[in-house]
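Trainee: I'd like to ask some things about the structure below.
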Protein chains: 2
Amino acid sequence: MTPSATPAYRRLSVEERRSQLLDAALTLFAHRAPEDVSLDDVAEAAGVSRPLVYRYFPGGKQQLYEAALRSAAEELRHCFDEPLQGPLLPRLSRALDRYLGFVDEHDTGFSALLQGGSVVETSRTTAIVDGVRRAAAEHIYRHLGVSGPGPRLRMTVRTWITAVEAASLIWLDEDKQPPVEELRDWLVEQFVAVLTVTASRDPQTAAVVGALAGDGRD
Amino acid sequence: MTPSATPAYRRLSVEERRSQLLDAALTLFAHRAPEDVSLDDVAEAAGVSRPLVYRYFPGGKQQLYEAALRSAAEELRHCFDEPLQGPLLPRLSRALDRYLGFVDEHDTGFSALLQGGSVVETSRTTAIVDGVRRAAAEHIYRHLGVSGPGPRLRMTVRTWITAVEAASLIWLDEDKQPPVEELRDWLVEQFVAVLTVTASRDPQTAAVVGALAGDGRD
């Protein structure tokens, strides 16, 4: 970094510039509600002119918000990437560690993103968030070795995923208490507990719980 | 009902007329997303003129939607009214029966109301829905005999309430399967299970679980 370096005017490729603007937008959305972020703010944070932001996002704030949301959704999906090897619950713990790391990093933006009530909320943004939920459920079925989850197992897994989201929002709301490791362990234990309740009336879920119980032994 | 009866022109008091319009709106919102309901539809369903709907709701659709939402929120709060007597879990069962009856009756409107993504969603409507969630949590603390719930008990109860909402939406999505009585019992058992998980690291929750376990005996 010499004094003559002028990073704002460095030539970036279209993809680099786009990703620079999305990063700036995500950082802003991480600390303010979407309705409190203007294109001027994004231009200022990225050190570029407002017309340049418009050139990349001619649809204005709504388009930028959706692109930032898609980029955050992509990042969230990566949290779920976990090899299909080793005992199941530690795999879930590791995925939750990455997910909670994302929540911790993007705090306010994460709340705004999930809680709705935002002025730029539309059925398209809702669909992006629902896509992440569906991806999380699919990952869980794959790790559990279930290819055709029945309605009771589906309801249990989908309900637990919503509980994880709710717990994350409450955790942010409660100044990140309890400590993140305790929250993670609690979520893993909740997962086993809710599956166990369903197992008493669903053979498919009972088989899954049986596999979890025998898991540490092999 | 004689042929000469003209109910549309019967003189109603301001309160009666308002409540007639809200009922018509709630019925429409119960089967269509808010963005697909127009003031014309409400006027037609209530058998009144469009100007009359505007006279009562000069803010137009947004005002009518919020008023209908408030009226639904009021109805939901009544579901939680339950005497502070008798064993705890049957009290919870009865409240859930009323709540699930509401979900069953208002199906599409209930989804639209909770899922957001609606064009008329605002921070005010979000606050109305959050108020119902808070009321549900307060009812639960009162029934559990807890006056100052700590962070772990709060997180458990609030997370379970979100899980109930999610399960209701999934239940509607899955053509109301499993049967409503099974869903109710499952939710009660989930409540005990998630509290039991928290009890292992929180003395306040452990005392609550102890009281639930001893409940049938006195």
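Letters A, B, ... go to the chains of the structure tokens in the order shown; residues in each chain start at 1; ligands are counted from 1 in the same order.
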Which neighbours of B:Gln204 fall inside 8 Å, counting only C-alpha atoms, when residues of the same chain fewer than 6 positions from it are skipped, and could you give them as a list in words?
Mentor: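 Once the adjacent positions are removed, what remains is Pro149, Gly150 and Leu153 of chain B.
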Trainee: For stretch 43-55 of chain A, list every protein, DNA or RNA residue within 8 Å, evaluated using only C-alpha atoms, and leave out those in the same chain fewer than 4 positions away; present the list as a count of residues only.
Mentor: 7
Trainee: Please identify all polymer residues within 9 Å of A:Tyr65, counting only C-alpha atoms, omitting same-chain residues fewer than 6 positions from it, and present them as number ranges by chain.
Mentor: A: 22, 25-26, 29, 34, 120, 125
Trainee: Kindly save the residues from that selection, with all heavy atoms included, as a compact mmCIF listing (two decimals), in the first residue's frame.
Mentor:
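Result saved to out-v1.txt:
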# COMPACT_ATOMS: atom_id res chain seq x y z
N LEU A 22 -21.55 -6.12 -3.63
CA LEU A 22 -22.38 -7.00 -2.80
C LEU A 22 -21.81 -7.11 -1.39
O LEU A 22 -22.56 -7.12 -0.41
CB LEU A 22 -22.48 -8.39 -3.42
CG LEU A 22 -23.42 -8.51 -4.63
CD1 LEU A 22 -23.45 -9.94 -5.12
CD2 LEU A 22 -24.83 -8.03 -4.24
N ALA A 25 -22.70 -4.03 0.42
CA ALA A 25 -24.13 -4.04 0.76
C ALA A 25 -24.40 -4.98 1.93
O ALA A 25 -25.10 -4.63 2.89
CB ALA A 25 -24.95 -4.44 -0.46
N LEU A 26 -23.79 -6.18 1.88
CA LEU A 26 -24.01 -7.16 2.96
C LEU A 26 -23.54 -6.61 4.30
O LEU A 26 -24.19 -6.80 5.32
CB LEU A 26 -23.25 -8.46 2.66
CG LEU A 26 -24.03 -9.58 1.97
CD1 LEU A 26 -23.19 -10.83 1.90
CD2 LEU A 26 -25.33 -9.87 2.72
N PHE A 29 -26.16 -4.13 5.37
CA PHE A 29 -27.38 -4.82 5.81
C PHE A 29 -27.13 -5.59 7.11
O PHE A 29 -28.08 -5.89 7.84
CB PHE A 29 -27.86 -5.81 4.73
CG PHE A 29 -28.42 -5.14 3.50
CD1 PHE A 29 -28.09 -5.59 2.23
CD2 PHE A 29 -29.29 -4.07 3.61
CE1 PHE A 29 -28.61 -4.97 1.10
CE2 PHE A 29 -29.82 -3.45 2.48
CZ PHE A 29 -29.47 -3.91 1.22
N PRO A 34 -32.78 -3.21 6.06
CA PRO A 34 -32.68 -2.86 4.64
C PRO A 34 -33.28 -1.48 4.32
O PRO A 34 -32.73 -0.75 3.50
CB PRO A 34 -33.48 -3.97 3.95
CG PRO A 34 -33.44 -5.12 4.87
CD PRO A 34 -33.35 -4.55 6.25
N VAL A 120 -38.74 -3.81 1.76
CA VAL A 120 -38.39 -4.39 0.47
C VAL A 120 -38.70 -5.90 0.41
O VAL A 120 -38.32 -6.58 -0.53
CB VAL A 120 -36.92 -4.15 0.09
CG1 VAL A 120 -36.71 -2.70 -0.27
CG2 VAL A 120 -35.99 -4.57 1.19
N THR A 125 -38.08 -12.45 -2.30
CA THR A 125 -37.09 -12.58 -1.21
C THR A 125 -37.51 -13.70 -0.26
O THR A 125 -36.67 -14.45 0.22
CB THR A 125 -36.91 -11.26 -0.44
OG1 THR A 125 -38.15 -10.87 0.13
CG2 THR A 125 -36.42 -10.14 -1.34
Trainee: Using only C-alpha atoms, which residue out of B:Glu138, B:Asp202, B:Asp104, B:Glu35 lies closest to B:Lys61?
Mentor: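 Selected residue with least distance to B:Lys61: B:Glu35.
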Trainee: Report as an MDAnalysis selection string the set of chain B residues whose atoms approach chain A to within 10 Å, with distances computed over only C-alpha atoms.
Mentor: chainID B and resid 115:127 151:152 154:156 158:171 174 177:178 182:183 186:187 189:198 200:201
Trainee: Would you please give, as an NGL selection string, all residues of stretch 56-154 of chain A that DSSP assigns to alpha helix (DSSP H) based on the backbone?
Mentor: :A and (56 or 61-79 or 88-115 or 123-144 or 151-154)
Trainee: Restricting the calculation to only C-alpha atoms, which member of A:Lys176, A:Leu144, A:Val129, A:Ala135 is positioned closest to A:Glu66?
Mentor: A:Val129
Trainee: In Å, rounded to a single decimal, give me how far atom CA of A:Asp23 is from atom CA of A:Tyr56.
Mentor: 13.5 Å
